[in-house]
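**Student:** I am attaching a structure below and will ask some questions about it afterwards.
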Amino acid sequence: MTVEKVAVITAGGSGMGAQAASRLAQDGFKVAILSSSGKGEALAKTLGGVGITGSNQSNDDLGKLVDLAVATWGRIDVLINSAGHGPRGPILDISDDDWHNGMDTYLMNVVRATRLVCPVMQKQKGGSIINISSAWAFEPAPMFPTSAVFRAALASYTKLFVEAYSADNVRMNNVLPGWIDSLPQVDERRESVPMKRYGKADEIASTVAFLASEGAGYITGQNIRVDGGLMRHV
């Protein structure tokens with residue numbers, strides 16, 4: 001009997017998360033999508049999946065999404081943790097509340113969803129968790145202070161997760177996009193990239209799709225840059 005593969009995508013209403021959801025649906029995955037805007041729920045319907053409107057900063061909302069996916073298809077094979085945008089500003093001007101907001105946006109979004117999905121994957125003896133991180137995770141830029149700090153923390157979390165759950169065949173990898181066309185394009189930023197162009201959201205989706213595939217079954221604990229060579233010296 002053919003087993004239907006299932007992917008859960010958080011913050012999947014637009015941008016790279018939505019593109020990844022569409023690509024996985026194209027590859028035959030059933031998709032369950034969460035977004036705060038309602039766009040993820042609408043996208044899921046067009047892709048033949050299920051979705052809810054809620055926040056990846058809410059354990060209750062994430063729990064509803066996971067429960068819906070399991071109730072609908074009986075399994076979860078892939079979890080994609082995408083994120084919105086956290087606070088920015090001069091580093092000493094960022095308030096305590098904004099630092100906590102950044103942690104919720106860029107680190108706890110992964111921690112919360114993984115805590116819910118990993119037990120499902122353990123029972124199946126397999127699964128792939130893919131986190132959308134940032135090219136600046138290891139070479140922080142002043143324009144993305146909370147993102148850089150907490151995505152560096154995400155890399156450490158990933159190493160700890162891999163140590164704990166690889167024996168269950170549950171993998172975790174991070175995708176590190178550079179300047180992607182889902183953002184407003186700026187000439188100076190384009191020129192800073194050796195390939196002299198912005199990346200395409202569907203190029204990120206293709207990377208995610210590979211990491212979700214059986215062909216990537218021996219890849220775990222990695223931070224994969226998809227940045228046109230931007231961080232070539234790191």
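Residue names in the structure tokens use chain letters A, B, ... in the order shown, residue numbers from 1 in each chain, and ligand numbers from 1 in the order shown.
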From stretch 62-234 of chain A, collect each residue whose DSSP state is strand (DSSP E or B) and return the set as a list in words.

**Tutor:**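 In stretch 62-234 of chain A, DSSP puts these residues in strand (DSSP E or B): Val78, Leu79, Ile80, Asn81, Gly127, Ser128, Ile129, Ile130, Asn131, Ile132, Val170, Arg171, Met172, Asn173, Asn174, Val175, Leu176, Pro177, Ile180, Gly199, Asn223, Ile224, Arg225 and Val226 of chain A.
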
**Student:** Near A:Arg197, within 9 Å and counting only C-alpha atoms, which residues show up once chain neighbours fewer than 6 positions away are dropped, as a list in words?

**Tutor:**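 So the residues in contact are Trp179, Ile180, Arg189, Arg190, Glu191 and Gly228 of chain A.
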
**Student:** Taking 4 positions as the minimum chain separation for residues in the same chain, which residues sit within 8 Å of stretch 150-153 of chain A when counting only C-alpha atoms? Answer as a list in words.

**Tutor:** Gly102, Met103, Tyr106, Leu107, Ser133, Ser134, Ala137, Phe138, Thr146 and Tyr157 of chain A

**Student:** Measure the distance from atom CA of A:Pro194 to atom CA of A:Pro177 in Å and round it to one decimal.

**Tutor:**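 Separating atom CA of A:Pro194 from atom CA of A:Pro177 is a distance of 14.3 Å.
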
**Student:** Can you list, as number ranges by chain, every residue of stretch 18-62 of chain A that DSSP puts in alpha helix (DSSP H)?

**Tutor:** A: 18-26, 39-46, 59-62

**Student:** Write out as a VMD selection string each polymer residue whose atoms come within 8 Å of A:Ile224, counting only C-alpha atoms; drop sequence neighbours fewer than 5 positions from it.

**Tutor:** chain A and resid 173 to 176

**Student:** Using only C-alpha atoms, please write the residues we just selected to a file, as an mmCIF file, in the first residue's frame.

**Tutor:**
data_model
loop_
_atom_site.group_PDB
_atom_site.id
_atom_site.type_symbol
_atom_site.label_atom_id
_atom_site.label_comp_id
_atom_site.auth_asym_id
_atom_site.auth_seq_id
_atom_site.Cartn_x
_atom_site.Cartn_y
_atom_site.Cartn_z
ATOM 1 C CA ASN A 173 18.539 20.770 8.978
ATOM 2 C CA ASN A 174 18.570 24.530 8.545
ATOM 3 C CA VAL A 175 18.282 26.373 5.227
ATOM 4 C CA LEU A 176 20.066 29.743 5.228
#

**Student:** So, with only C-alpha atoms as the atoms that count, which of A:Ala42, A:Ile80, A:Cys118, A:Val3 lies closest to A:Ala21?

**Tutor:** A:Ile80

**Student:** Fewer than 4 positions away in the same chain doesn't count, so skip those; otherwise give me all residues within 8 Å of A:Ser14, counting only C-alpha atoms, as a ChimeraX atom specification.

**Tutor:** /A:18-19,39-40

**Student:** Using the selection just defined, write its residues with all heavy atoms as a PDB file, in the first residue's frame.

**Tutor:**
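Output saved as part_6.pdb:
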ATOM      1  N   ALA A  18       5.208  29.703   1.952  1.00  0.00           N
ATOM      2  CA  ALA A  18       4.157  29.361   0.993  1.00  0.00           C
ATOM      3  C   ALA A  18       4.731  28.669  -0.232  1.00  0.00           C
ATOM      4  O   ALA A  18       4.146  27.710  -0.751  1.00  0.00           O
ATOM      5  CB  ALA A  18       3.395  30.628   0.585  1.00  0.00           C
ATOM      6  N   GLN A  19       5.879  29.141  -0.699  1.00  0.00           N
ATOM      7  CA  GLN A  19       6.501  28.524  -1.878  1.00  0.00           C
ATOM      8  C   GLN A  19       6.911  27.086  -1.572  1.00  0.00           C
ATOM      9  O   GLN A  19       6.759  26.186  -2.411  1.00  0.00           O
ATOM     10  CB  GLN A  19       7.727  29.334  -2.297  1.00  0.00           C
ATOM     11  CG  GLN A  19       8.247  29.017  -3.686  1.00  0.00           C
ATOM     12  CD  GLN A  19       7.337  29.541  -4.785  1.00  0.00           C
ATOM     13  OE1 GLN A  19       6.713  30.582  -4.629  1.00  0.00           O
ATOM     14  NE2 GLN A  19       7.260  28.821  -5.896  1.00  0.00           N
ATOM     15  N   LYS A  39      -3.932  33.499   4.997  1.00  0.00           N
ATOM     16  CA  LYS A  39      -3.491  33.110   3.654  1.00  0.00           C
ATOM     17  C   LYS A  39      -3.048  31.648   3.610  1.00  0.00           C
ATOM     18  O   LYS A  39      -3.215  30.972   2.600  1.00  0.00           O
ATOM     19  CB  LYS A  39      -2.342  34.010   3.199  1.00  0.00           C
ATOM     20  CG  LYS A  39      -2.747  35.459   2.965  1.00  0.00           C
ATOM     21  CD  LYS A  39      -1.539  36.294   2.534  1.00  0.00           C
ATOM     22  CE  LYS A  39      -1.923  37.749   2.302  1.00  0.00           C
ATOM     23  NZ  LYS A  39      -0.739  38.573   1.936  1.00  0.00           N
ATOM     24  N   GLY A  40      -2.483  31.163   4.711  1.00  0.00           N
ATOM     25  CA  GLY A  40      -2.045  29.771   4.741  1.00  0.00           C
ATOM     26  C   GLY A  40      -3.203  28.803   4.670  1.00  0.00           C
ATOM     27  O   GLY A  40      -3.144  27.787   3.967  1.00  0.00           O
TER      28      GLY A  40
END

**Student:** When you draw a straight line from atom CA of A:Leu62 to atom CA of A:Gln26, how long is it in Å?

**Tutor:**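 According to the coordinates, atom CA of A:Leu62 and atom CA of A:Gln26 are separated by 23.9 Å.
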
**Student:** So, counting only C-alpha atoms, which residue among A:Gly221, A:Ala148, A:Leu183, A:Ser82 is closest to A:Leu160?

**Tutor:**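 Ranked by minimum distance to A:Leu160, first place goes to A:Gly221.
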